[in-house]
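**Q** My structure is stored as model-v4.tsv, with TSV, C-alpha atoms.
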chain	number	residue	atom	x	y	z
A	1	MET	CA	1.66	15.81	-27.05
A	2	THR	CA	2.12	19.60	-26.93
A	3	ASN	CA	-1.24	20.26	-28.55
A	4	ASN	CA	-2.89	17.79	-26.17
A	5	LEU	CA	-1.37	19.55	-23.16
A	6	ILE	CA	-2.54	22.94	-24.42
A	7	TYR	CA	-6.03	21.53	-24.89
A	8	THR	CA	-5.88	20.01	-21.42
A	9	GLY	CA	-4.91	23.40	-20.04
A	10	PHE	CA	-8.00	24.98	-21.53
A	11	LEU	CA	-10.13	22.21	-20.04
A	12	LEU	CA	-8.54	22.78	-16.64
A	13	LEU	CA	-9.27	26.51	-16.80
A	14	SER	CA	-12.87	25.75	-17.69
A	15	VAL	CA	-13.25	23.34	-14.77
A	16	LEU	CA	-11.61	25.63	-12.24
A	17	CYS	CA	-13.44	28.76	-13.33
A	18	ASN	CA	-16.89	27.40	-14.03
A	19	GLY	CA	-17.04	24.01	-12.33
A	20	ALA	CA	-17.69	20.84	-14.29
A	21	ALA	CA	-21.30	19.69	-14.41
A	22	THR	CA	-20.37	16.22	-13.20
A	23	PRO	CA	-17.23	14.42	-12.02
A	24	GLY	CA	-17.08	12.72	-15.41
A	25	ASP	CA	-16.52	16.05	-17.11
A	26	ALA	CA	-13.16	16.30	-15.36
A	27	ILE	CA	-11.86	13.04	-16.85
A	28	PRO	CA	-10.13	14.62	-19.91
A	29	THR	CA	-8.26	16.96	-17.56
A	30	MET	CA	-7.19	14.03	-15.37
A	31	ASP	CA	-6.07	12.11	-18.46
A	32	GLY	CA	-4.00	15.06	-19.63
A	33	PHE	CA	-2.33	15.56	-16.27
A	34	VAL	CA	-1.48	11.86	-15.88
A	35	ALA	CA	-0.01	11.81	-19.41
A	36	ALA	CA	2.08	14.91	-18.66
A	37	GLU	CA	3.40	13.46	-15.39
A	38	MET	CA	4.30	10.17	-17.06
A	39	LEU	CA	6.28	12.07	-19.68
A	40	ARG	CA	7.98	14.32	-17.13
A	41	GLN	CA	8.88	11.48	-14.75
A	42	LYS	CA	9.62	8.86	-17.45
A	43	ILE	CA	6.95	6.54	-16.03
A	44	PRO	CA	6.34	3.65	-18.47
A	45	GLY	CA	2.83	2.82	-17.25
A	46	MET	CA	0.17	3.79	-14.73
A	47	ALA	CA	-3.27	2.73	-13.56
A	48	VAL	CA	-5.50	5.31	-11.88
A	49	ALA	CA	-8.91	5.11	-10.22
A	50	VAL	CA	-11.14	7.79	-8.73
A	51	VAL	CA	-14.16	6.95	-6.57
A	52	LYS	CA	-16.62	9.66	-5.54
A	53	ASN	CA	-19.58	9.01	-3.23
A	54	GLY	CA	-19.13	5.29	-3.80
A	55	GLU	CA	-19.25	5.59	-7.60
A	56	VAL	CA	-16.24	4.86	-9.80
A	57	VAL	CA	-15.59	8.05	-11.79
A	58	LEU	CA	-12.39	6.85	-13.43
A	59	ALA	CA	-10.62	3.48	-13.72
A	60	ARG	CA	-8.08	3.49	-16.50
A	61	GLY	CA	-4.67	2.27	-17.59
A	62	TYR	CA	-2.06	4.49	-19.23
A	63	GLY	CA	1.15	3.68	-21.07
A	64	PHE	CA	2.88	0.32	-21.04
A	65	ALA	CA	2.91	-2.59	-18.62
A	66	ASN	CA	5.95	-3.98	-20.43
A	67	LEU	CA	8.22	-1.82	-22.55
A	68	GLU	CA	9.98	-4.73	-24.27
A	69	HIS	CA	6.71	-6.17	-25.55
A	70	GLN	CA	4.77	-2.86	-25.72
A	71	VAL	CA	1.90	-4.30	-23.68
A	72	PRO	CA	-0.57	-1.58	-22.62
A	73	VAL	CA	-1.70	-1.11	-19.02
A	74	THR	CA	-5.35	-1.98	-18.31
A	75	THR	CA	-7.44	-2.12	-15.15
A	76	GLN	CA	-6.53	-5.83	-14.99
A	77	SER	CA	-2.76	-5.30	-15.14
A	78	ILE	CA	-1.02	-6.68	-12.04
A	79	PHE	CA	1.17	-4.25	-10.08
A	80	GLN	CA	3.18	-4.59	-6.88
A	81	SER	CA	1.38	-3.19	-3.84
A	82	GLY	CA	4.47	-2.15	-1.92
A	83	SER	CA	3.64	-1.13	1.64
A	84	ILE	CA	-0.07	-0.68	0.96
A	85	GLY	CA	-0.02	-4.45	1.45
A	86	LYS	CA	0.56	-3.85	5.15
A	87	GLN	CA	-3.16	-3.07	5.31
A	88	PHE	CA	-4.00	-6.68	4.45
A	89	THR	CA	-1.62	-7.97	7.12
A	90	ALA	CA	-3.15	-5.63	9.71
A	91	ALA	CA	-6.67	-6.72	8.72
A	92	ALA	CA	-5.66	-10.38	9.09
A	93	ILE	CA	-4.31	-9.73	12.60
A	94	MET	CA	-7.54	-7.95	13.56
A	95	LEU	CA	-9.58	-10.85	12.19
A	96	LEU	CA	-7.57	-13.31	14.29
A	97	ARG	CA	-8.14	-11.06	17.30
A	98	GLU	CA	-11.90	-11.19	16.71
A	99	GLN	CA	-11.68	-14.98	16.56
A	100	GLY	CA	-10.01	-15.01	19.98
A	101	LYS	CA	-6.76	-16.43	18.62
A	102	LEU	CA	-4.60	-13.54	19.81
A	103	ARG	CA	-4.77	-10.24	21.69
A	104	LEU	CA	-3.14	-7.03	20.56
A	105	ASP	CA	-1.41	-6.51	23.88
A	106	ASP	CA	0.11	-10.00	23.90
A	107	ARG	CA	3.89	-10.00	23.91
A	108	ILE	CA	5.26	-11.17	20.59
A	109	ALA	CA	7.73	-13.53	22.25
A	110	SER	CA	4.92	-16.04	22.80
A	111	TYR	CA	4.29	-16.32	19.04
A	112	LEU	CA	7.74	-16.14	17.44
A	113	PRO	CA	10.25	-18.97	16.93
A	114	ARG	CA	12.74	-19.31	19.78
A	115	THR	CA	16.08	-17.81	18.81
A	116	LYS	CA	18.84	-15.84	20.50
A	117	ALA	CA	16.62	-12.75	20.27
A	118	ARG	CA	15.01	-11.25	23.37
A	119	TRP	CA	11.80	-9.35	22.67
A	120	GLY	CA	11.09	-7.92	26.11
A	121	SER	CA	7.75	-6.11	26.37
A	122	ILE	CA	7.15	-5.65	22.63
A	123	THR	CA	3.51	-6.44	21.79
A	124	LEU	CA	1.52	-7.07	18.63
A	125	ARG	CA	0.07	-3.57	19.00
A	126	HIS	CA	3.58	-2.11	18.91
A	127	LEU	CA	4.29	-3.93	15.65
A	128	LEU	CA	1.03	-2.77	14.05
A	129	ALA	CA	1.66	0.88	14.91
A	130	HIS	CA	5.45	0.98	14.27
A	131	THR	CA	6.23	1.74	17.91
A	132	SER	CA	8.27	-1.37	18.77
A	133	GLY	CA	11.62	0.41	18.49
A	134	ILE	CA	12.89	-2.31	16.13
A	135	PRO	CA	14.87	-0.74	13.27
A	136	GLU	CA	14.59	-1.45	9.57
A	137	TYR	CA	15.68	-4.98	8.64
A	138	GLU	CA	16.12	-4.13	4.96
A	139	ASP	CA	19.27	-2.20	5.82
A	140	GLU	CA	20.85	-5.31	7.34
A	141	VAL	CA	20.08	-8.16	4.94
A	142	ASP	CA	21.57	-9.35	1.68
A	143	ASP	CA	18.47	-9.17	-0.53
A	144	ARG	CA	20.00	-11.57	-3.04
A	145	ARG	CA	20.16	-14.35	-0.46
A	146	ASN	CA	17.36	-16.62	0.75
A	147	TYR	CA	16.52	-16.69	4.47
A	148	SER	CA	14.24	-18.94	6.48
A	149	GLU	CA	11.59	-17.39	8.73
A	150	ARG	CA	13.66	-18.42	11.75
A	151	GLN	CA	16.75	-16.72	10.33
A	152	LEU	CA	14.83	-13.53	9.61
A	153	THR	CA	13.25	-13.60	13.06
A	154	GLU	CA	16.64	-13.89	14.73
A	155	LEU	CA	18.20	-11.23	12.51
A	156	VAL	CA	15.41	-8.75	13.29
A	157	GLY	CA	15.40	-9.63	16.97
A	158	LEU	CA	19.12	-9.00	17.38
A	159	LEU	CA	19.04	-5.52	15.85
A	160	SER	CA	19.83	-2.72	18.30
A	161	ARG	CA	16.57	-1.06	19.37
A	162	LYS	CA	16.04	2.60	18.54
A	163	SER	CA	13.75	3.24	21.51
A	164	PRO	CA	11.79	1.39	24.20
A	165	PRO	CA	8.47	-0.10	23.06
A	166	GLY	CA	5.68	2.46	22.80
A	167	HIS	CA	7.90	5.51	23.21
A	168	GLU	CA	8.51	6.57	19.61
A	169	PHE	CA	6.95	6.12	16.19
A	170	GLU	CA	9.62	4.72	13.85
A	171	TYR	CA	8.29	3.40	10.54
A	172	SER	CA	9.89	0.02	10.01
A	173	ASN	CA	9.10	-2.92	7.76
A	174	SER	CA	10.49	-5.21	10.43
A	175	GLY	CA	7.30	-5.14	12.48
A	176	TYR	CA	5.08	-6.30	9.63
A	177	LEU	CA	7.58	-8.97	8.61
A	178	LEU	CA	7.18	-10.34	12.15
A	179	LEU	CA	3.38	-10.07	11.98
A	180	GLY	CA	3.43	-12.40	8.99
A	181	ILE	CA	5.36	-14.92	11.04
A	182	VAL	CA	2.84	-14.51	13.87
A	183	ILE	CA	0.01	-15.29	11.43
A	184	ARG	CA	1.70	-18.59	10.56
A	185	ALA	CA	2.20	-19.40	14.26
A	186	VAL	CA	-1.47	-18.84	15.02
A	187	THR	CA	-3.07	-20.35	11.91
A	188	ARG	CA	-0.38	-22.83	10.78
A	189	LYS	CA	-0.73	-21.26	7.34
A	190	PHE	CA	1.63	-19.06	5.34
A	191	HIS	CA	0.36	-15.51	5.80
A	192	GLY	CA	-0.16	-15.07	2.04
A	193	ASP	CA	-2.49	-18.09	1.95
A	194	TYR	CA	-4.41	-16.92	5.01
A	195	ILE	CA	-4.87	-13.42	3.58
A	196	ARG	CA	-5.97	-14.79	0.21
A	197	GLU	CA	-8.59	-17.01	1.85
A	198	HIS	CA	-9.89	-14.58	4.47
A	199	ILE	CA	-9.35	-11.13	2.94
A	200	PHE	CA	-9.00	-11.31	-0.83
A	201	LYS	CA	-11.65	-13.93	-1.64
A	202	PRO	CA	-14.46	-12.52	0.54
A	203	LEU	CA	-13.93	-9.02	-0.90
A	204	GLY	CA	-13.86	-10.18	-4.52
A	205	MET	CA	-10.19	-9.32	-5.05
A	206	LYS	CA	-10.05	-11.95	-7.77
A	207	THR	CA	-6.48	-11.55	-9.00
A	208	ALA	CA	-4.77	-10.44	-5.77
A	209	SER	CA	-1.99	-12.72	-4.52
A	210	ILE	CA	1.32	-12.85	-2.71
A	211	ALA	CA	4.20	-11.81	-4.95
A	212	SER	CA	6.17	-14.53	-6.72
A	213	ASP	CA	8.67	-14.51	-9.56
A	214	ALA	CA	8.16	-18.23	-10.13
A	215	ASP	CA	4.36	-18.26	-10.56
A	216	ILE	CA	2.76	-17.59	-13.93
A	217	VAL	CA	0.79	-14.40	-13.31
A	218	PRO	CA	-1.43	-13.29	-16.21
A	219	ASN	CA	-1.20	-9.56	-16.94
A	220	ARG	CA	1.86	-9.10	-14.72
A	221	VAL	CA	3.42	-5.65	-15.07
A	222	ALA	CA	7.20	-5.23	-15.38
A	223	GLY	CA	8.89	-2.88	-12.91
A	224	TYR	CA	11.46	-0.28	-13.92
A	225	ARG	CA	13.94	2.21	-12.53
A	226	VAL	CA	15.72	5.24	-13.94
A	227	SER	CA	19.53	5.40	-13.87
A	228	ASN	CA	21.47	8.22	-15.53
A	229	GLY	CA	18.37	9.20	-17.44
A	230	ARG	CA	17.79	5.68	-18.81
A	231	VAL	CA	14.80	3.48	-17.97
A	232	LEU	CA	16.08	0.06	-16.88
A	233	ASN	CA	14.55	-3.15	-15.57
A	234	GLN	CA	14.11	-3.44	-11.80
A	235	ASP	CA	16.82	-5.03	-9.68
A	236	TRP	CA	16.43	-8.71	-8.79
A	237	VAL	CA	15.89	-9.85	-5.22
A	238	SER	CA	15.75	-13.37	-3.80
A	239	PRO	CA	12.38	-15.17	-3.41
A	240	THR	CA	12.50	-14.50	0.34
A	241	PHE	CA	11.84	-10.81	-0.17
A	242	ASN	CA	8.84	-11.41	-2.42
A	243	GLN	CA	7.15	-13.31	0.39
A	244	THR	CA	7.27	-11.07	3.46
A	245	ALA	CA	4.16	-9.57	5.07
A	246	ASP	CA	5.39	-5.99	4.96
A	247	GLY	CA	3.90	-5.39	1.54
A	248	CYS	CA	4.79	-8.05	-1.04
A	249	PHE	CA	1.46	-8.49	-2.82
A	250	LEU	CA	0.37	-8.40	-6.45
A	251	LEU	CA	-2.87	-6.57	-7.28
A	252	SER	CA	-4.69	-5.07	-10.24
A	253	LEU	CA	-6.51	-1.76	-10.15
A	254	GLU	CA	-9.74	-3.77	-10.01
A	255	ASP	CA	-8.43	-5.57	-6.90
A	256	PHE	CA	-7.61	-2.23	-5.29
A	257	LEU	CA	-11.13	-1.00	-6.06
A	258	ALA	CA	-12.57	-4.11	-4.40
A	259	TRP	CA	-10.42	-3.40	-1.33
A	260	GLU	CA	-11.59	0.23	-1.34
A	261	ARG	CA	-15.23	-0.92	-1.38
A	262	GLY	CA	-14.52	-3.22	1.54
A	263	VAL	CA	-12.85	-0.45	3.56
A	264	ARG	CA	-15.65	2.01	2.79
A	265	ALA	CA	-18.32	-0.54	3.79
A	266	ARG	CA	-16.32	-1.59	6.87
A	267	ALA	CA	-16.60	-5.17	5.65
A	268	LEU	CA	-15.06	-8.34	7.15
A	269	LEU	CA	-14.25	-6.81	10.53
A	270	LYS	CA	-16.34	-5.58	13.45
A	271	PRO	CA	-16.78	-1.82	13.99
A	272	ASP	CA	-14.42	-1.89	16.98
A	273	SER	CA	-11.65	-3.38	14.85
A	274	TRP	CA	-12.06	-0.72	12.16
A	275	SER	CA	-12.08	1.97	14.85
A	276	GLN	CA	-8.74	0.73	16.16
A	277	ILE	CA	-7.29	0.54	12.65
A	278	PHE	CA	-8.08	4.21	12.07
A	279	ALA	CA	-7.17	5.51	15.54
A	280	PRO	CA	-3.88	7.46	15.73
A	281	VAL	CA	-1.40	5.68	17.98
A	282	VAL	CA	-0.87	7.19	21.43
A	283	LEU	CA	2.73	7.08	22.63
A	284	LYS	CA	3.89	6.59	26.21
A	285	SER	CA	4.21	10.37	26.52
A	286	GLY	CA	0.49	10.71	25.86
A	287	LYS	CA	1.14	12.35	22.50
A	288	ALA	CA	-0.75	10.99	19.49
A	289	HIS	CA	1.03	10.22	16.24
A	290	PRO	CA	-0.95	10.35	12.95
A	291	TYR	CA	-0.72	6.65	12.12
A	292	GLY	CA	-3.12	3.83	12.92
A	293	PHE	CA	-2.63	0.21	11.86
A	294	ALA	CA	-1.17	0.47	8.32
A	295	TRP	CA	-2.94	3.75	7.61
A	296	GLU	CA	-1.63	7.30	7.88
A	297	ILE	CA	-4.23	9.54	9.52
A	298	THR	CA	-3.63	13.12	8.41
A	299	ARG	CA	-5.29	16.41	7.45
A	300	LYS	CA	-5.06	17.98	4.00
A	301	GLY	CA	-6.93	21.06	2.89
A	302	GLY	CA	-9.23	20.85	5.89
A	303	GLN	CA	-10.00	17.19	5.15
A	304	THR	CA	-9.44	14.07	7.20
A	305	VAL	CA	-7.26	11.84	5.03
A	306	HIS	CA	-6.61	8.12	5.40
A	307	GLU	CA	-3.82	6.97	3.13
A	308	HIS	CA	-0.76	4.84	2.55
A	309	ASP	CA	1.79	4.54	-0.19
A	310	GLY	CA	4.08	1.74	-1.22
A	311	SER	CA	7.38	1.28	-3.02
A	312	PHE	CA	9.06	-1.96	-4.04
A	313	ARG	CA	11.09	-3.43	-6.91
A	314	GLY	CA	10.38	-0.87	-9.60
A	315	PHE	CA	6.86	0.00	-8.47
A	316	GLU	CA	5.08	2.80	-6.63
A	317	ALA	CA	1.51	2.78	-5.36
A	318	ILE	CA	-0.73	5.08	-3.35
A	319	LEU	CA	-4.26	4.85	-1.95
A	320	THR	CA	-5.74	8.07	-0.53
A	321	ARG	CA	-9.21	8.50	0.99
A	322	TYR	CA	-10.60	12.01	1.64
A	323	ILE	CA	-13.19	11.17	4.25
A	324	GLU	CA	-15.47	14.23	4.30
A	325	ASP	CA	-15.46	14.49	0.50
A	326	GLU	CA	-16.13	10.73	0.16
A	327	LEU	CA	-13.34	10.68	-2.39
A	328	THR	CA	-10.79	7.92	-2.99
A	329	ILE	CA	-7.87	8.10	-5.39
A	330	ILE	CA	-5.67	5.13	-6.30
A	331	ALA	CA	-2.56	5.45	-8.43
A	332	LEU	CA	-0.16	2.68	-9.46
A	333	ALA	CA	3.06	3.06	-11.45
A	334	ASN	CA	5.77	0.71	-12.68
A	335	LEU	CA	8.70	3.00	-11.93
A	336	ALA	CA	10.75	3.19	-8.74
A	337	ASP	CA	10.56	6.57	-6.98
A	338	ALA	CA	7.69	7.86	-9.11
A	339	ASP	CA	5.99	10.80	-7.34
A	340	LEU	CA	2.36	9.71	-7.23
A	341	THR	CA	1.37	12.22	-4.56
A	342	ARG	CA	1.49	14.92	-7.26
A	343	VAL	CA	-1.13	12.97	-9.18
A	344	THR	CA	-3.46	12.23	-6.26
A	345	GLU	CA	-3.33	15.76	-4.85
A	346	TYR	CA	-3.99	17.29	-8.27
A	347	ILE	CA	-6.99	15.02	-8.82
A	348	ALA	CA	-8.31	15.77	-5.33
A	349	LYS	CA	-8.21	19.53	-5.98
A	350	LEU	CA	-9.87	19.01	-9.34
A	351	MET	CA	-12.65	16.87	-7.89
A	352	ARG	CA	-13.48	19.53	-5.30
A	353	LYS	CA	-14.47	21.81	-8.18
A	354	VAL	CA	-17.12	19.45	-9.52
A	355	ARG	CA	-20.55	18.56	-8.24
Any chance you could put this one into structure tokens?
**A**
Amino acid sequence: MTNNLIYTGFLLLSVLCNGAATPGDAIPTMDGFVAAEMLRQKIPGMAVAVVKNGEVVLARGYGFANLEHQVPVTTQSIFQSGSIGKQFTAAAIMLLREQGKLRLDDRIASYLPRTKARWGSITLRHLLAHTSGIPEYEDEVDDRRNYSERQLTELVGLLSRKSPPGHEFEYSNSGYLLLGIVIRAVTRKFHGDYIREHIFKPLGMKTASIASDADIVPNRVAGYRVSNGRVLNQDWVSPTFNQTADGCFLLSLEDFLAWERGVRARALLKPDSWSQIFAPVVLKSGKAHPYGFAWEITRKGGQTVHEHDGSFRGFEAILTRYIEDELTIIALANLADADLTRVTEYIAKLMRKVR
């Protein structure tokens, strides 16, 4: 490994000083950096993709999908999406809006099961943009217990609000959990089934699905965590928390690339819907916050960046799009708390040096 890293260092110097002739010439340097980060962070396996000007420069698996069986990661290995999955939920809500089945400024009370909760003026738009004031439900549940949708709705609805609707941005999985319940109310289908039929299938995301421990999922990756320097299997949670709409999806790198193509082409949805998805939310104060509907809208190195990361049950994921450079980087790892931003930012700087 030491000799490989030294060789990678020489390649990096060559790229930075002289510029690679093509993006493909930077691949050995990317490979070396990913391998070094996996070793440093104790990451068992990763899948990484780089898309430049609509062309896939890199799509590759590294390390192991399962340490016990020594199964290698490939582009078909199935990872957890974590909160990147919120993008599919948001797209489904926008699709239902286009079909006239709901409006973003509708109050959520008209869609949710009747419980002791009082929702006041909270709207679907507030849920999409994390401005409802509802705090994080994950801090209040027993994740080893099963809950019905009605029970989760009431639990979330009875949490003390952090702020009035629209006043503050407070990232919270609670809003997207509720959006999944809204999708069922409107379509009479489980949100995972609706998203599979109307988002995954049309975009060619052939192996994407809602998460499930019970289903047989070919090429499923095992999730891990590090405790006291040891790599251990992920903690178990009840089936309830594999099924919520705040990010519990299973996808391969190839599925993520299909989603990236759909986003880049502005497929499935009308231009107005995509514009709203990528518009920073405006708070009651008139101040904009750099988050749209399940996308962070930021600036890095003079670039407009649309991105989101995800973390769940021994997995980390990140999807970053550098708009002016027409560059997308996707990184997936089967280790809780893996720092994938180091990987994506390194690759982005590297790709700026190539033609």
**Q** Provide the atom CA of Ile27 of chain A to atom CA of Glu324 of chain A distance in Å, to one decimal place.
**A**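 Taking atom CA of Ile27 of chain A and atom CA of Glu324 of chain A, their separation equals 21.5 Å.
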**Q** Using atom CA of Phe79 of chain A and atom CA of Thr304 of chain A as the two end points, give the distance in Å to one decimal.
**A**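 About the pair atom CA of Phe79 of chain A and atom CA of Thr304 of chain A: they are 27.3 Å apart.
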**Q** Just the number, please: distance in Å from atom CA of Tyr224 of chain A to atom CA of Thr344 of chain A, one decimal.
**A**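 According to the coordinates, atom CA of Tyr224 of chain A and atom CA of Thr344 of chain A are separated by 20.9 Å.
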**Q** From the set A:Gln87, A:Asn334, A:Gln80, A:Thr207, which residue has the shortest atom-to-atom contact distance to Val231 of chain A, counting all atoms listed in the file?
**A** A:Asn334
**Q** Counting all atoms listed in the file, what is within 12 Å of Gly262 of chain A, bar same-chain residues fewer than 6 positions away, as a PyMOL selection string?
**A** chain A and resi 54+87-88+91+199-205+255-256+268-269+274
**Q** Tell me which of A:His69, A:Val281, A:Ile330, A:Asn53 sits closest to Ala265 of chain A, counting only C-alpha atoms.
**A**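 Closest to Ala265 of chain A, using only C-alpha atoms: A:Asn53.
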**Q** So that each row is one residue of segment 66-139 of chain A with an atom at most 6 Å from segment 286-299 of chain A, can you give its shortest atom pair and the distance in Å to one decimal, using only C-alpha atoms, rows by chain and rising number, as CSV?
**A**
residue,atom,partner,partner_atom,distance
A:Lys86,CA,A:Ala294,CA,5.6
A:Gln87,CA,A:Ala294,CA,5.1
A:Leu128,CA,A:Phe293,CA,5.2
A:Ala129,CA,A:Phe293,CA,5.3
**Q** I want to know what sits within 10 Å of Ala65 of chain A, based on all atoms listed in the file, with residues of the same chain fewer than 3 positions away left out; could you give that as a PDB file with C-alpha atoms, keeping the file's coordinate frame?
**A**
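As a result, around.pdb now contains:
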ATOM      1  CA  PRO A  44       6.340   3.650 -18.470  1.00  0.00           C
ATOM      2  CA  GLY A  45       2.830   2.820 -17.250  1.00  0.00           C
ATOM      3  CA  MET A  46       0.170   3.790 -14.730  1.00  0.00           C
ATOM      4  CA  ALA A  47      -3.270   2.730 -13.560  1.00  0.00           C
ATOM      5  CA  GLY A  61      -4.670   2.270 -17.590  1.00  0.00           C
ATOM      6  CA  TYR A  62      -2.060   4.490 -19.230  1.00  0.00           C
ATOM      7  CA  GLU A  68       9.980  -4.730 -24.270  1.00  0.00           C
ATOM      8  CA  HIS A  69       6.710  -6.170 -25.550  1.00  0.00           C
ATOM      9  CA  GLN A  70       4.770  -2.860 -25.720  1.00  0.00           C
ATOM     10  CA  VAL A  71       1.900  -4.300 -23.680  1.00  0.00           C
ATOM     11  CA  PRO A  72      -0.570  -1.580 -22.620  1.00  0.00           C
ATOM     12  CA  VAL A  73      -1.700  -1.110 -19.020  1.00  0.00           C
ATOM     13  CA  THR A  74      -5.350  -1.980 -18.310  1.00  0.00           C
ATOM     14  CA  SER A  77      -2.760  -5.300 -15.140  1.00  0.00           C
ATOM     15  CA  ILE A  78      -1.020  -6.680 -12.040  1.00  0.00           C
ATOM     16  CA  PHE A  79       1.170  -4.250 -10.080  1.00  0.00           C
ATOM     17  CA  ASN A 219      -1.200  -9.560 -16.940  1.00  0.00           C
ATOM     18  CA  ARG A 220       1.860  -9.100 -14.720  1.00  0.00           C
ATOM     19  CA  VAL A 221       3.420  -5.650 -15.070  1.00  0.00           C
ATOM     20  CA  ALA A 222       7.200  -5.230 -15.380  1.00  0.00           C
ATOM     21  CA  GLY A 223       8.890  -2.880 -12.910  1.00  0.00           C
ATOM     22  CA  ALA A 333       3.060   3.060 -11.450  1.00  0.00           C
ATOM     23  CA  ASN A 334       5.770   0.710 -12.680  1.00  0.00           C
TER      24      ASN A 334
END
**Q** Could you name the residues that touch Phe249 of chain A at 7 Å or less, counting all atoms listed in the file, but leaving out those on the same chain fewer than 5 positions away, as an MDAnalysis selection string?
**A** chainID A and resid 80:81 85 209:211
**Q** From the options A:Gln151, A:Ser121, A:Thr341, A:Gln41, which residue's atoms come nearest to Val226 of chain A, counting all atoms listed in the file?
**A** A:Gln41
**Q** Residues within 6 Å of Ile318 of chain A, please, as a list in words. Count all atoms listed in the file; anything in the same chain fewer than 4 positions from it doesn't count.
**A**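 After dropping sequence-adjacent residues, the list is His308, Asp309, Ile330 and Ala331 of chain A.
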**Q** Fewer than 5 positions away in the same chain doesn't count, so skip those; otherwise give me all residues within 10 Å of segment 160-172 of chain A, counting only C-alpha atoms, as a PyMOL selection string.
**A** chain A and resi 119-123+125-127+129-138+177+246+281-291
**Q** Would you mind telling me which residue in A:Ala92, A:Val141, A:Leu350, A:Val343 lies nearest to Ala245 of chain A when using all atoms listed in the file?
**A**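 Nearest to Ala245 of chain A: A:Ala92.
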**Q** Residues around (11.7, -12.0, -7.4), cut-off 10 Å, counting only C-alpha atoms - what are they as a PDB file with C-alpha atoms, in the frame of the given file?
**A**
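Written output follows (point21.pdb):
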ATOM      1  CA  ARG A 144      20.000 -11.570  -3.040  1.00  0.00           C
ATOM      2  CA  ALA A 211       4.200 -11.810  -4.950  1.00  0.00           C
ATOM      3  CA  SER A 212       6.170 -14.530  -6.720  1.00  0.00           C
ATOM      4  CA  ASP A 213       8.670 -14.510  -9.560  1.00  0.00           C
ATOM      5  CA  ALA A 214       8.160 -18.230 -10.130  1.00  0.00           C
ATOM      6  CA  GLN A 234      14.110  -3.440 -11.800  1.00  0.00           C
ATOM      7  CA  ASP A 235      16.820  -5.030  -9.680  1.00  0.00           C
ATOM      8  CA  TRP A 236      16.430  -8.710  -8.790  1.00  0.00           C
ATOM      9  CA  VAL A 237      15.890  -9.850  -5.220  1.00  0.00           C
ATOM     10  CA  SER A 238      15.750 -13.370  -3.800  1.00  0.00           C
ATOM     11  CA  PRO A 239      12.380 -15.170  -3.410  1.00  0.00           C
ATOM     12  CA  THR A 240      12.500 -14.500   0.340  1.00  0.00           C
ATOM     13  CA  PHE A 241      11.840 -10.810  -0.170  1.00  0.00           C
ATOM     14  CA  ASN A 242       8.840 -11.410  -2.420  1.00  0.00           C
ATOM     15  CA  GLN A 243       7.150 -13.310   0.390  1.00  0.00           C
ATOM     16  CA  ARG A 313      11.090  -3.430  -6.910  1.00  0.00           C
TER      17      ARG A 313
END
**Q** Tell me which of A:Leu58, A:Val156, A:Ala35, A:Val263 sits closest to Arg321 of chain A, counting only C-alpha atoms.
**A**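 The shortest atom-to-atom distance to Arg321 of chain A comes from A:Val263.
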**Q** So which one's closest to Ile195 of chain A, A:Asn228, A:Leu158, A:Glu326, A:Met94? Using all atoms listed in the file, please.
**A**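 Closest residue, counting all atoms listed in the file: A:Met94.
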